[in-house]
Amino acid sequence: NLSERLERSFKILKGQGKITEINVAESLKDVRRALIEADVNYKVAKTFIDDVKVKAVGTEVLTAVNPSQMIVKIVHDELAALMGGKAVEINLKDSPSIILVAGLQGSGKTTFSGKLANMLKKKGRGVMLIAGDIYRPAAIDQLKILGEQIGVEVYSEPENKNAVQLVENGIKYAKSKGTNTIIVDTAGRLAIDEQMMQEITAIKRAISPSETLFVVDSMTGQDAVNTAKEFNDKLDFDGVVLTKLDGDTRGGAAISIRAVVNKPLKFVSNGEKMEALDVFHPERMADRILGMGDIVSLVEKAQEQFDEEEARKLQSKLRKDTFNFDDFLKQIQQIKKMGNIKDIASMIPGIGKALKNVEMDNSMFKQTEAIIYSMTPAERENPALINGSRKQRIAKGSGVEVADVNRLLTQFDQTRKMMKMVAGGGLQKAAALNNK
Ligand code: GDP
Ligand code: MG
């Protein structure tokens, strides 16, 4: 996925002492490929990369203390800028404020209408929903169920076959009740068709809404962009709602929609529950796309690689506090399979910082293994035995300095502590402890 690809690209950058035009270009080529794979429109990706390149390959970056951090920040900020920079609120100044909800069938309009009603009601607004999908009787029931759940009245006319008239009636009714916020759910089709477009534009013309929101399923990738473009050409909407972000990690749709239609993303929907709605924050989406602090994917990665049986044994050993260098050796084998431990650990917010000064890359495993192999079975079993003279012997046997042996012993202690936290309550707990 995109965040993994970007991470890999940045890993290349992290390995370099200095950022030069050549390695920026190389890495950004990877970033561009990753963006395109994540359904970002080709032209959008190209413009993005060009912007980053100009910003990155400057004296500012070359003289910076930590150029790789700088690049990550530039990419992050550019992504956020590409998605609009700041969160844009919906217009709720009119009284009543009318919000028209449009989009393809199955994009999540009805669910979103309910969620928005819920959110605005909680803010103290008087909200009414209008069931404007006249083609499927089930659509009215669906909205009514949601309305009941959140305590918001739903206006509907199951017999009315004129959507424009129905919505007008609904607004009249809502006004008579003194409602200050009206949300109009509408019908969609499986693909854009003329009739649907005519109907939704006729509704818009008839009611002049304060806000027209276009709802789009983030899982539809590049199609989402095309749909957004067609809707925008006809409907000239005010904002985009990106749904089903819980089911997909690709943020590509968010980037390209914004860039192609030049309309702000306003909400993201990430679940079927009525509470699963967030105001869109470009910064957060950029974080998400870059995969910073992605604990979930870290846990998944660890789960994939760790043999369950081994993990269970290890856990009980950690609990009994009998974790020793033989176990440590086994862990090294596991970690080698997982990739770079420091990169993995750095995905946990807080831990990355804590590990900054800890030597932890795969090449050091060779030395580590040599040192452990120079220990006697008794020493491996019980590291507390390792005193000054034993350290000297071990160092000689493995061709390293005593300082290296000391470093390993410290590292062993740290690993044991960290793994104990992981075993005893999950990575989040470990992260929380490190964040203190
Ligand atoms: P509409 O045809 O545009 O009104 O779409 P619906 O609101 O009926 O949603 C279609 C399906 O997607 C339903 O099964 C919803 O429960 C589901 N859905 C809507 N929004 C989300 C979301 O943010 N996350 C997930 N996982 N499912 C969603
Ligand atoms: Mg619907």
# chains A, B, ... in the order shown; residues from 1 in each chain; ligands from 1

$ residues_near_ligand --ligand "ligand 2" --cutoff "6 Å" --atoms "only C-alpha atoms and all ligand atoms" --output "list in words"
Lys109, Thr110 and Ala139 of chain A

$ residues_around --residues "Met197 (chain A)" --least-positions-apart "4" --cutoff "9 Å" --atoms "only C-alpha atoms" --output "list of chain:residue names"
A:Ile192, A:Asp193, A:Thr201, A:Ala202, A:Phe231, A:Lys234, A:Leu235

$ write_last_selection --atoms "C-alpha atoms" --output "JSON list (two decimals), in the first residue's frame"
[["chain", "number", "residue", "atom", "x", "y", "z"],
["A", 192, "ILE", "CA", -24.02, 8.01, -13.71],
["A", 193, "ASP", "CA", -27.07, 8.33, -15.93],
["A", 201, "THR", "CA", -29.83, 19.21, -10.69],
["A", 202, "ALA", "CA", -33.57, 19.95, -10.74],
["A", 231, "PHE", "CA", -21.05, 15.29, -10.74],
["A", 234, "LYS", "CA", -23.34, 19.14, -13.66],
["A", 235, "LEU", "CA", -23.99, 19.94, -10.04]]

$ residues_around --residues "region 260-270 of chain A" --least-positions-apart "6" --cutoff "7 Å" --atoms "only C-alpha atoms" --output "PyMOL selection string"
chain A and resi 84+87-89+229+232+238-246+276-280

$ closest_residue --among "A:Val152, A:Ala403, A:Ile145, A:Met375" --to "ligand 1" --atoms "only C-alpha atoms and all ligand atoms"
A:Ile145

$ residues_around --residues "Ala378 (chain A)" --least-positions-apart "6" --cutoff "12 Å" --atoms "only C-alpha atoms" --output "count of residues only"
8

$ closest_residue --among "A:Ile203, A:Met418, A:Ile332, A:Ile140" --to "ligand 1" --atoms "only C-alpha atoms and all ligand atoms"
A:Ile140

$ select_by_dssp --residues "region 102-287 of chain A" --states "strand (DSSP E)" --output "ChimeraX atom specification"
/A:102-103,127-132,153-155,181-186,211-217,239-243,265-269,277-279

$ write_last_selection --atoms "C-alpha atoms" --output "PDB file, in the first residue's frame"
ATOM      1  CA  ALA A 102     -25.767  13.549  -3.754  1.00  0.00           C
ATOM      2  CA  GLY A 103     -23.779  10.641  -5.125  1.00  0.00           C
ATOM      3  CA  VAL A 127     -32.472  18.806  12.433  1.00  0.00           C
ATOM      4  CA  MET A 128     -34.889  17.166  10.005  1.00  0.00           C
ATOM      5  CA  LEU A 129     -34.138  14.547   7.352  1.00  0.00           C
ATOM      6  CA  ILE A 130     -35.931  14.326   4.020  1.00  0.00           C
ATOM      7  CA  ALA A 131     -36.133  10.942   2.303  1.00  0.00           C
ATOM      8  CA  GLY A 132     -35.672  11.998  -1.306  1.00  0.00           C
ATOM      9  CA  GLU A 153     -37.635  13.265  12.368  1.00  0.00           C
ATOM     10  CA  VAL A 154     -37.698  11.911   8.807  1.00  0.00           C
ATOM     11  CA  TYR A 155     -40.010  13.462   6.239  1.00  0.00           C
ATOM     12  CA  THR A 181     -31.214  22.344   9.606  1.00  0.00           C
ATOM     13  CA  ILE A 182     -32.614  20.243   6.788  1.00  0.00           C
ATOM     14  CA  ILE A 183     -30.700  17.337   5.289  1.00  0.00           C
ATOM     15  CA  VAL A 184     -31.952  16.012   1.962  1.00  0.00           C
ATOM     16  CA  ASP A 185     -31.034  12.419   1.111  1.00  0.00           C
ATOM     17  CA  THR A 186     -31.426  11.637  -2.581  1.00  0.00           C
ATOM     18  CA  GLU A 211     -24.520  23.278   0.886  1.00  0.00           C
ATOM     19  CA  THR A 212     -24.415  20.507  -1.702  1.00  0.00           C
ATOM     20  CA  LEU A 213     -22.285  17.572  -0.655  1.00  0.00           C
ATOM     21  CA  PHE A 214     -21.053  14.900  -2.995  1.00  0.00           C
ATOM     22  CA  VAL A 215     -20.662  11.504  -1.333  1.00  0.00           C
ATOM     23  CA  VAL A 216     -18.107   9.093  -2.752  1.00  0.00           C
ATOM     24  CA  ASP A 217     -16.913   5.639  -1.790  1.00  0.00           C
ATOM     25  CA  GLY A 239     -17.770  19.739  -0.802  1.00  0.00           C
ATOM     26  CA  VAL A 240     -16.902  16.067  -0.836  1.00  0.00           C
ATOM     27  CA  VAL A 241     -17.658  13.334   1.667  1.00  0.00           C
ATOM     28  CA  LEU A 242     -15.296  10.387   1.490  1.00  0.00           C
ATOM     29  CA  THR A 243     -16.888   7.210   2.855  1.00  0.00           C
ATOM     30  CA  LEU A 265     -13.178  17.428   1.223  1.00  0.00           C
ATOM     31  CA  LYS A 266     -15.378  18.125   4.209  1.00  0.00           C
ATOM     32  CA  PHE A 267     -16.154  14.854   5.943  1.00  0.00           C
ATOM     33  CA  VAL A 268     -14.783  11.356   6.168  1.00  0.00           C
ATOM     34  CA  SER A 269     -16.964   8.439   7.055  1.00  0.00           C
ATOM     35  CA  LEU A 277     -18.093  10.511  11.012  1.00  0.00           C
ATOM     36  CA  ASP A 278     -15.236  12.974  11.193  1.00  0.00           C
ATOM     37  CA  VAL A 279     -14.692  16.432   9.857  1.00  0.00           C
TER      38      VAL A 279
END

$ closest_residue --among "A:Ala253, A:Leu329, A:Ala117, A:Ala224" --to "Met83 (chain A)" --atoms "only C-alpha atoms"
A:Ala253

$ residues_around --residues "Ile200 (chain A)" --least-positions-apart "4" --cutoff "9 Å" --atoms "only C-alpha atoms" --output "list of chain:residue names"
A:Ala102, A:Ala163, A:Val164, A:Thr186, A:Ala187, A:Gln195, A:Met196, A:Lys204, A:Arg205, A:Leu235

$ write_last_selection --atoms "N, CA and C atoms" --output "short mmCIF file (atom, residue, chain, number, x, y, z; two decimals), in the first residue's frame"
data_model
loop_
_atom_site.label_atom_id
_atom_site.label_comp_id
_atom_site.auth_asym_id
_atom_site.auth_seq_id
_atom_site.Cartn_x
_atom_site.Cartn_y
_atom_site.Cartn_z
N ALA A 102 -25.71 14.19 -2.44
CA ALA A 102 -25.77 13.55 -3.75
C ALA A 102 -24.64 12.54 -3.92
N ALA A 163 -39.69 13.62 -7.31
CA ALA A 163 -38.69 13.89 -6.27
C ALA A 163 -38.57 15.37 -5.95
N VAL A 164 -38.64 16.22 -6.99
CA VAL A 164 -38.48 17.65 -6.77
C VAL A 164 -39.62 18.17 -5.88
N THR A 186 -30.87 11.80 -1.23
CA THR A 186 -31.43 11.64 -2.58
C THR A 186 -31.13 10.26 -3.15
N ALA A 187 -31.70 10.00 -4.32
CA ALA A 187 -31.51 8.70 -4.97
C ALA A 187 -30.21 8.70 -5.76
N GLN A 195 -30.87 10.60 -16.37
CA GLN A 195 -32.08 10.85 -15.57
C GLN A 195 -31.71 11.26 -14.15
N MET A 196 -30.76 10.55 -13.60
CA MET A 196 -30.36 10.86 -12.23
C MET A 196 -29.77 12.28 -12.14
N LYS A 204 -31.66 20.63 -6.94
CA LYS A 204 -30.77 21.70 -6.48
C LYS A 204 -31.32 23.08 -6.90
N ARG A 205 -31.76 23.14 -8.15
CA ARG A 205 -32.29 24.41 -8.65
C ARG A 205 -33.51 24.84 -7.85
N LEU A 235 -23.34 19.52 -11.27
CA LEU A 235 -23.99 19.94 -10.04
C LEU A 235 -23.26 21.08 -9.33
#

$ closest_residue --among "A:Ser208, A:Thr111, A:Thr376, A:Ser389" --to "ligand 1" --atoms "only C-alpha atoms and all ligand atoms"
A:Thr111

$ residues_around --residues "Pro209 (chain A)" --least-positions-apart "5" --cutoff "7 Å" --atoms "only C-alpha atoms" --output "JSON, numbers by chain"
{"A": [98, 99, 100, 204]}

$ write_last_selection --atoms "C-alpha atoms" --output "PDB file, in the first residue's frame"
ATOM      1  CA  ILE A  98     -30.420  23.088   3.694  1.00  0.00           C
ATOM      2  CA  ILE A  99     -27.864  20.393   2.954  1.00  0.00           C
ATOM      3  CA  LEU A 100     -28.321  18.415  -0.237  1.00  0.00           C
ATOM      4  CA  LYS A 204     -30.773  21.701  -6.480  1.00  0.00           C
TER       5      LYS A 204
END

$ closest_residue --among "A:Gly85, A:Pro383, A:Gly106, A:Gly147" --to "ligand 1" --atoms "only C-alpha atoms and all ligand atoms"
A:Gly106

$ residues_around --residues "Thr410 (chain A)" --least-positions-apart "5" --cutoff "12 Å" --atoms "only C-alpha atoms" --output "number ranges by chain"
A: 358-359, 383-384, 403-405, 415-417

$ write_last_selection --atoms "N, CA and C atoms" --output "tab-separated table (two decimals), in the first residue's frame"
chain	number	residue	atom	x	y	z
A	358	VAL	N	19.43	3.76	20.34
A	358	VAL	CA	19.70	2.34	20.50
A	358	VAL	C	20.13	1.76	19.15
A	359	GLU	N	21.28	1.11	19.15
A	359	GLU	CA	21.76	0.47	17.91
A	359	GLU	C	20.79	-0.64	17.56
A	383	PRO	N	22.16	-14.58	32.19
A	383	PRO	CA	23.06	-13.48	31.83
A	383	PRO	C	23.65	-12.76	33.05
A	384	ALA	N	23.03	-12.92	34.21
A	384	ALA	CA	23.55	-12.25	35.41
A	384	ALA	C	24.94	-12.76	35.78
A	403	ALA	N	33.44	-3.34	25.21
A	403	ALA	CA	32.35	-2.35	25.10
A	403	ALA	C	31.19	-2.89	24.26
A	404	ASP	N	31.52	-3.69	23.23
A	404	ASP	CA	30.47	-4.27	22.39
A	404	ASP	C	29.63	-5.27	23.18
A	405	VAL	N	30.36	-6.04	24.04
A	405	VAL	CA	29.64	-7.02	24.88
A	405	VAL	C	28.72	-6.26	25.83
A	415	THR	N	15.59	-4.86	25.38
A	415	THR	CA	14.70	-5.69	24.58
A	415	THR	C	13.77	-6.47	25.50
A	416	ARG	N	14.38	-7.02	26.56
A	416	ARG	CA	13.58	-7.81	27.48
A	416	ARG	C	12.47	-6.95	28.09
A	417	LYS	N	12.82	-5.74	28.45
A	417	LYS	CA	11.82	-4.84	29.04
A	417	LYS	C	10.72	-4.51	28.04

$ select_by_dssp --residues "region 98-336 of chain A" --states "alpha helix (DSSP H)" --output "VMD selection string"
chain A and resid 109 to 122 137 to 150 163 to 176 194 to 207 222 to 235 252 to 261 282 to 290 295 to 305 308 to 320 325 to 336

$ closest_residue --among "A:Leu190, A:Ile49, A:Gly124, A:Lys29" --to "ligand 1" --atoms "only C-alpha atoms and all ligand atoms"
A:Leu190
